[in-house]
Amino acid sequence: MIDLANLEKKFTARYNTRPRIFRAPGRVNLIGEHTDYNDGFVLPAALDFATYAACALREDRRVRVATLTLDREFEFSLDDPPDADFPAWTKYVQGIALILERSGYPLKGADILIDSNVPIGSGLSSSAALEVSIGSAFAGLNGHKVVGMELAKIGQSAEHEFAGVRSGIMDQFAAVFGKAGHALFLDCRSLEYEAVPVGEAKFIICNTKVKHDLAESEYNKRRSQCEEAAAFFGRPSLRDVSPADLDTRSADLPTLLLKRARHVVTENERVVAAVKALRSGDLSAFGNLMNGSHNSLRDDFEVSCRELDIMVEIARRQPGVLGARMTGGGFGGCTINLVEAAHHKDFVDRIFSEYPAETGIEPEIYRCEIADGAEEIV
Ligand code: GLA
């Protein structure tokens with residue numbers, strides 16, 4: 001847990017005033033991977049890992065921002081143009097401020113101190129947590145009401161423009177709309193969603209501790225391939241392609257595009273089936289769908305990696321494991337595992353011994369507690 005009293009004390013010592021504190025969580029995706037930018041379905045949940053922005057308004061247009069996580073500090077003006085030389089983490093802060101002003105929300109400067117326990121670069125959306133906490137902070141300090149989908153979209157724009165990743169809406173959506181004890185079933189086309197209680201389902205997250213540098217360029221490449229495949233079918237997006245379309249036209253479609261399309265089309269079906277299984281408490285059906293999702297991401301969408309596959313294979317060998325899959329964009333990061341409660345301890349012990357034996361890497365393992373979305377801490 002983040003020590004909020006310590007964050008407040010450090011802020012006051014640094015900036016000589018008491019802060020307001022805004023929080024936004026990371027997320028784990030239960031199922032529905034690489035479907036969001038194809039107008040499809042996703043089922044993420046917000047985590048109790050979160051990013052906290054302690055902040056106070058300034059009377060000028062300077063922004064001083066520091067992070068306890070990285071032990072860094074940076075200063076810029078709200079009038080500075082986007083600067084490629086800014087350190088990566090500050091680009092999100094500047095990006096959010098620029099997009100808010102561009103969207104009609106004039107800002108004053110701010111002093112900000114960030115703390116976070118969202119594992120960085122692990123597929124648990126540390127960047128969305130940063131974007132949404134900073135967006136809430138700037139908006140809140142300046143008296144603007146920027147909430148809900150508008151806040152999520154501002155975060156997503158920062159990701160596109162300032163991090164160069166053409167991501168979908170899932171991560172920022174989960175950071176904003178998270179609900180304790182619930183997964184969020186989102187239709188990424190209509191943006192309608194339902195919170196589905198996870199009930200008895202208990203998930204464990206295993207971090208492979210692998211971060212592949214190619215992730216961003218490969219992500220954008222996958223998105224283009226999906227667009228190409230949708231264009232082949234003459235449809236606005238792969239959401240509009242049915243399994244029957246795939247069957248009839250598969251011979252004409254280049255193999256690579258067929259594989260990409262098949263992943264998205266079948267993954268959308270799996271999400272819908274998974275929501276049904278969760279609602280009826282059929283956890284073994286849910287677990288099977290998770291397994292199907294991983295296999296499809298590994299074989300058809302090709303966004304897994306050796307360590308993710310090893311982690312999933314080890315998990316599937318353990319008693320009480322109903323399903324295991326990679327979660328998030330891929331090329332490293334975490335797996336999510338649906339494990340019967342009685343087997344949790346053994347599962348964790350076995351991952352801690354078997355994963356390093358096969359990879360030489362010490363993993364991290366987290367119990368998945370599902371938390372609320374962004375809020376001001378009062
Ligand atoms: C990343 C992106 C999301 C989504 C996932 C894959 O987390 O930010 O928008 O596309 O990858 O499901």
# chains A, B, ... in the order shown; residues from 1 in each chain; ligands from 1
>>> residues_near_ligand(ligand="ligand 1", cutoff="6 Å", atoms="only C-alpha atoms and all ligand atoms", output="PyMOL selection string")
chain A and resi 33-34+36+167-171+328-329
>>> residues_around(residues="A:Ile361", least_positions_apart="5", cutoff="8 Å", atoms="only C-alpha atoms", output="PDB file with N, CA and C atoms, in the first residue's frame")
ATOM      1  N   THR A 208       6.129 -11.917 -15.354  1.00  0.00           N
ATOM      2  CA  THR A 208       7.297 -12.611 -15.916  1.00  0.00           C
ATOM      3  C   THR A 208       8.569 -11.800 -15.733  1.00  0.00           C
ATOM      4  N   LYS A 209       8.413 -10.505 -15.418  1.00  0.00           N
ATOM      5  CA  LYS A 209       9.528  -9.561 -15.295  1.00  0.00           C
ATOM      6  C   LYS A 209      10.268  -9.369 -16.632  1.00  0.00           C
ATOM      7  N   TYR A 355       9.217 -21.337 -12.225  1.00  0.00           N
ATOM      8  CA  TYR A 355       9.498 -20.319 -13.259  1.00  0.00           C
ATOM      9  C   TYR A 355      10.987 -19.932 -13.304  1.00  0.00           C
ATOM     10  N   PRO A 356      11.621 -19.663 -12.151  1.00  0.00           N
ATOM     11  CA  PRO A 356      13.060 -19.364 -12.211  1.00  0.00           C
ATOM     12  C   PRO A 356      13.864 -20.563 -12.726  1.00  0.00           C
TER      13      PRO A 356
END
>>> residues_around(residues="A:Arg262", least_positions_apart="2", cutoff="8 Å", atoms="only C-alpha atoms", output="tab-separated table (two decimals) with C-alpha atoms, in the first residue's frame")
chain	number	residue	atom	x	y	z
A	243	PRO	CA	-16.83	-16.43	-38.12
A	246	LEU	CA	-13.78	-15.85	-42.12
A	258	LEU	CA	-6.25	-14.31	-41.66
A	259	LYS	CA	-4.51	-15.15	-38.39
A	260	ARG	CA	-4.88	-11.62	-37.05
A	264	VAL	CA	-10.06	-10.82	-33.05
A	265	VAL	CA	-13.23	-12.52	-34.29
A	266	THR	CA	-12.87	-15.50	-31.93
A	300	ASP	CA	-2.67	-16.24	-34.31
>>> residues_around(residues="stretch 129-142 of chain A", least_positions_apart="2", cutoff="8 Å", atoms="only C-alpha atoms", output="ChimeraX atom specification")
/A:21-26,50-53,55-57,92-93,96-97,100,105-108,110,118,125-127,144-147,151-152,154-155,158,172,175-176,374-376
>>> atom_distance(atom1="atom CA of A:Asp349", atom2="atom CA of A:Gly332")
21.4 Å
>>> select_by_dssp(residues="stretch 145-203 of chain A", states="strand (DSSP E or B)", output="ChimeraX atom specification")
/A:182-187,193-197,203
>>> write_last_selection(atoms="N, CA and C atoms", output="tab-separated table (two decimals), in the first residue's frame")
chain	number	residue	atom	x	y	z
A	182	HIS	N	-15.83	-6.05	-9.15
A	182	HIS	CA	-16.50	-6.21	-10.44
A	182	HIS	C	-15.51	-6.15	-11.61
A	183	ALA	N	-15.83	-6.94	-12.64
A	183	ALA	CA	-15.16	-6.76	-13.93
A	183	ALA	C	-16.06	-5.86	-14.78
A	184	LEU	N	-15.47	-5.21	-15.77
A	184	LEU	CA	-16.23	-4.26	-16.58
A	184	LEU	C	-16.36	-4.79	-18.00
A	185	PHE	N	-17.58	-5.10	-18.37
A	185	PHE	CA	-17.84	-5.63	-19.72
A	185	PHE	C	-18.14	-4.43	-20.62
A	186	LEU	N	-17.16	-4.08	-21.46
A	186	LEU	CA	-17.28	-2.87	-22.28
A	186	LEU	C	-17.41	-3.22	-23.75
A	187	ASP	N	-18.38	-2.59	-24.39
A	187	ASP	CA	-18.51	-2.64	-25.85
A	187	ASP	C	-17.74	-1.42	-26.36
A	193	TYR	N	-21.27	-0.01	-21.08
A	193	TYR	CA	-20.63	-1.06	-20.29
A	193	TYR	C	-21.52	-1.51	-19.15
A	194	GLU	N	-21.19	-2.68	-18.63
A	194	GLU	CA	-21.89	-3.21	-17.47
A	194	GLU	C	-20.84	-3.71	-16.49
A	195	ALA	N	-21.05	-3.48	-15.20
A	195	ALA	CA	-20.15	-4.02	-14.18
A	195	ALA	C	-20.67	-5.39	-13.78
A	196	VAL	N	-19.83	-6.41	-13.95
A	196	VAL	CA	-20.25	-7.79	-13.67
A	196	VAL	C	-19.53	-8.26	-12.40
A	197	PRO	N	-20.28	-8.67	-11.36
A	197	PRO	CA	-19.61	-9.12	-10.13
A	197	PRO	C	-18.74	-10.34	-10.42
A	203	PHE	N	-8.44	-14.45	-8.82
A	203	PHE	CA	-7.38	-14.42	-9.83
A	203	PHE	C	-6.03	-14.12	-9.18
>>> residues_around(residues="stretch 79-82 of chain A", least_positions_apart="6", cutoff="9 Å", atoms="only C-alpha atoms", output="PyMOL selection string")
chain A and resi 61-62+91+94-95+98+162
>>> write_last_selection(atoms="C-alpha atoms", output="short mmCIF file (atom, residue, chain, number, x, y, z; two decimals), in the first residue's frame")
data_model
loop_
_atom_site.label_atom_id
_atom_site.label_comp_id
_atom_site.auth_asym_id
_atom_site.auth_seq_id
_atom_site.Cartn_x
_atom_site.Cartn_y
_atom_site.Cartn_z
CA ARG A 61 1.95 28.60 -15.68
CA ARG A 62 4.86 26.54 -14.35
CA LYS A 91 5.60 13.56 -21.51
CA GLN A 94 2.73 17.62 -20.28
CA GLY A 95 0.56 15.75 -22.80
CA LEU A 98 -1.85 20.28 -23.38
CA PHE A 162 2.84 11.66 -26.60
#
>>> select_by_dssp(residues="stretch 265-312 of chain A", states="alpha helix (DSSP H)", output="CSV table (one decimal) with N, CA and C atoms, in the first residue's frame")
chain,number,residue,atom,x,y,z
A,265,VAL,N,-11.9,-12.0,-34.2
A,265,VAL,CA,-13.2,-12.5,-34.3
A,265,VAL,C,-13.5,-13.5,-33.2
A,266,THR,N,-12.6,-14.5,-33.0
A,266,THR,CA,-12.9,-15.5,-31.9
A,266,THR,C,-12.8,-14.9,-30.5
A,267,GLU,N,-11.9,-13.9,-30.4
A,267,GLU,CA,-11.7,-13.3,-29.0
A,267,GLU,C,-13.0,-12.6,-28.6
A,268,ASN,N,-13.6,-11.9,-29.6
A,268,ASN,CA,-14.9,-11.3,-29.2
A,268,ASN,C,-15.9,-12.3,-28.8
A,269,GLU,N,-16.0,-13.4,-29.5
A,269,GLU,CA,-16.9,-14.4,-29.1
A,269,GLU,C,-16.6,-15.0,-27.7
A,270,ARG,N,-15.3,-15.1,-27.4
A,270,ARG,CA,-14.9,-15.6,-26.1
A,270,ARG,C,-15.3,-14.6,-24.9
A,271,VAL,N,-15.2,-13.3,-25.2
A,271,VAL,CA,-15.5,-12.4,-24.2
A,271,VAL,C,-17.0,-12.5,-23.8
A,272,VAL,N,-17.8,-12.5,-24.9
A,272,VAL,CA,-19.3,-12.6,-24.7
A,272,VAL,C,-19.6,-13.9,-23.9
A,273,ALA,N,-19.0,-15.0,-24.3
A,273,ALA,CA,-19.2,-16.3,-23.6
A,273,ALA,C,-18.7,-16.2,-22.1
A,274,ALA,N,-17.6,-15.5,-21.9
A,274,ALA,CA,-17.0,-15.4,-20.6
A,274,ALA,C,-17.9,-14.6,-19.6
A,275,VAL,N,-18.5,-13.6,-20.1
A,275,VAL,CA,-19.4,-12.8,-19.3
A,275,VAL,C,-20.6,-13.7,-18.9
A,276,LYS,N,-21.1,-14.5,-19.8
A,276,LYS,CA,-22.2,-15.4,-19.5
A,276,LYS,C,-21.7,-16.4,-18.4
A,277,ALA,N,-20.5,-16.9,-18.6
A,277,ALA,CA,-20.0,-17.9,-17.6
A,277,ALA,C,-19.8,-17.3,-16.2
A,278,LEU,N,-19.3,-16.1,-16.2
A,278,LEU,CA,-19.1,-15.4,-14.9
A,278,LEU,C,-20.4,-15.1,-14.2
A,279,ARG,N,-21.4,-14.7,-15.0
A,279,ARG,CA,-22.7,-14.4,-14.4
A,279,ARG,C,-23.4,-15.7,-13.9
A,283,LEU,N,-17.2,-21.2,-13.4
A,283,LEU,CA,-15.8,-20.8,-13.5
A,283,LEU,C,-14.9,-21.7,-14.3
A,284,SER,N,-15.3,-23.0,-14.5
A,284,SER,CA,-14.5,-23.8,-15.3
A,284,SER,C,-14.7,-23.4,-16.8
A,285,ALA,N,-15.9,-23.0,-17.2
A,285,ALA,CA,-16.1,-22.5,-18.5
A,285,ALA,C,-15.3,-21.2,-18.7
A,286,PHE,N,-15.3,-20.4,-17.7
A,286,PHE,CA,-14.5,-19.1,-17.8
A,286,PHE,C,-13.0,-19.4,-18.0
A,287,GLY,N,-12.5,-20.4,-17.2
A,287,GLY,CA,-11.1,-20.7,-17.3
A,287,GLY,C,-10.8,-21.3,-18.7
A,288,ASN,N,-11.6,-22.1,-19.3
A,288,ASN,CA,-11.4,-22.6,-20.6
A,288,ASN,C,-11.3,-21.5,-21.6
A,289,LEU,N,-12.1,-20.5,-21.5
A,289,LEU,CA,-12.1,-19.4,-22.4
A,289,LEU,C,-10.8,-18.6,-22.3
A,290,MET,N,-10.3,-18.5,-21.0
A,290,MET,CA,-9.0,-17.8,-20.8
A,290,MET,C,-7.9,-18.6,-21.5
A,291,ASN,N,-8.0,-19.9,-21.4
A,291,ASN,CA,-7.0,-20.7,-22.1
A,291,ASN,C,-7.0,-20.5,-23.6
A,292,GLY,N,-8.2,-20.5,-24.1
A,292,GLY,CA,-8.4,-20.3,-25.6
A,292,GLY,C,-7.9,-18.9,-26.0
A,293,SER,N,-8.1,-18.0,-25.1
A,293,SER,CA,-7.6,-16.6,-25.4
A,293,SER,C,-6.1,-16.6,-25.5
A,294,HIS,N,-5.4,-17.2,-24.6
A,294,HIS,CA,-4.0,-17.2,-24.6
A,294,HIS,C,-3.4,-17.9,-25.9
A,295,ASN,N,-4.0,-19.1,-26.2
A,295,ASN,CA,-3.6,-19.8,-27.3
A,295,ASN,C,-3.7,-19.0,-28.6
A,296,SER,N,-4.8,-18.3,-28.7
A,296,SER,CA,-5.0,-17.5,-29.9
A,296,SER,C,-4.1,-16.3,-30.0
A,297,LEU,N,-3.8,-15.7,-28.8
A,297,LEU,CA,-2.8,-14.6,-28.8
A,297,LEU,C,-1.4,-15.1,-29.1
A,298,ARG,N,-1.1,-16.3,-28.7
A,298,ARG,CA,0.2,-16.9,-29.0
A,298,ARG,C,0.3,-17.3,-30.4
A,299,ASP,N,-0.7,-18.0,-31.0
A,299,ASP,CA,-0.5,-18.6,-32.3
A,299,ASP,C,-1.0,-17.7,-33.4
A,306,ARG,N,8.3,-16.1,-25.1
A,306,ARG,CA,8.7,-17.4,-24.5
A,306,ARG,C,8.3,-17.4,-23.0
A,307,GLU,N,8.7,-16.3,-22.3
A,307,GLU,CA,8.5,-16.4,-20.9
A,307,GLU,C,7.0,-16.4,-20.5
A,308,LEU,N,6.2,-15.6,-21.3
A,308,LEU,CA,4.7,-15.7,-21.0
A,308,LEU,C,4.2,-17.1,-21.2
A,309,ASP,N,4.7,-17.7,-22.3
A,309,ASP,CA,4.2,-19.1,-22.6
A,309,ASP,C,4.6,-20.1,-21.5
A,310,ILE,N,5.9,-19.9,-21.0
A,310,ILE,CA,6.4,-20.8,-20.0
A,310,ILE,C,5.5,-20.6,-18.7
A,311,MET,N,5.3,-19.3,-18.4
A,311,MET,CA,4.5,-19.0,-17.2
A,311,MET,C,3.1,-19.7,-17.3
A,312,VAL,N,2.5,-19.6,-18.4
A,312,VAL,CA,1.2,-20.1,-18.6
A,312,VAL,C,1.2,-21.7,-18.6
>>> closest_residue(among="A:Arg20, A:Gln318, A:Arg102, A:Asn38", to="A:Val241", atoms="only C-alpha atoms")
A:Asn38
>>> residues_around(residues="A:Arg166", least_positions_apart="3", cutoff="9 Å", atoms="only C-alpha atoms", output="MDAnalysis selection string")
chainID A and resid 37 156:157 159:161 163 216 219:220 223
>>> write_last_selection(atoms="N, CA and C atoms", output="mmCIF file, in the first residue's frame")
data_model
loop_
_atom_site.group_PDB
_atom_site.id
_atom_site.type_symbol
_atom_site.label_atom_id
_atom_site.label_comp_id
_atom_site.auth_asym_id
_atom_site.auth_seq_id
_atom_site.Cartn_x
_atom_site.Cartn_y
_atom_site.Cartn_z
ATOM 1 N N TYR A 37 -9.330 -1.824 -29.961
ATOM 2 C CA TYR A 37 -9.165 -0.941 -31.129
ATOM 3 C C TYR A 37 -9.795 -1.539 -32.391
ATOM 4 N N GLN A 156 -6.323 8.569 -23.338
ATOM 5 C CA GLN A 156 -6.000 7.802 -24.554
ATOM 6 C C GLN A 156 -5.301 8.700 -25.587
ATOM 7 N N SER A 157 -5.768 9.940 -25.725
ATOM 8 C CA SER A 157 -5.124 10.858 -26.681
ATOM 9 C C SER A 157 -3.670 11.098 -26.292
ATOM 10 N N GLU A 159 -1.730 9.036 -24.831
ATOM 11 C CA GLU A 159 -1.010 7.815 -25.210
ATOM 12 C C GLU A 159 -0.687 7.852 -26.715
ATOM 13 N N HIS A 160 -1.673 8.260 -27.526
ATOM 14 C CA HIS A 160 -1.465 8.302 -28.984
ATOM 15 C C HIS A 160 -0.424 9.351 -29.345
ATOM 16 N N GLU A 161 -0.618 10.564 -28.807
ATOM 17 C CA GLU A 161 0.188 11.690 -29.282
ATOM 18 C C GLU A 161 1.547 11.801 -28.598
ATOM 19 N N ALA A 163 3.014 9.228 -26.401
ATOM 20 C CA ALA A 163 3.786 7.999 -26.213
ATOM 21 C C ALA A 163 3.901 7.249 -27.536
ATOM 22 N N GLU A 216 5.979 -1.485 -28.446
ATOM 23 C CA GLU A 216 5.205 -0.379 -28.994
ATOM 24 C C GLU A 216 5.074 -0.445 -30.506
ATOM 25 N N TYR A 219 2.866 -3.310 -31.468
ATOM 26 C CA TYR A 219 1.458 -3.004 -31.165
ATOM 27 C C TYR A 219 0.842 -2.226 -32.326
ATOM 28 N N ASN A 220 1.536 -1.172 -32.751
ATOM 29 C CA ASN A 220 1.000 -0.356 -33.845
ATOM 30 C C ASN A 220 0.895 -1.174 -35.129
ATOM 31 N N ARG A 223 -2.200 -3.248 -35.028
ATOM 32 C CA ARG A 223 -3.384 -2.437 -35.281
ATOM 33 C C ARG A 223 -3.555 -2.201 -36.781
#
>>> residues_around(residues="stretch 363-369 of chain A", least_positions_apart="6", cutoff="7 Å", atoms="only C-alpha atoms", output="PyMOL selection string")
chain A and resi 47-48+203-209+352
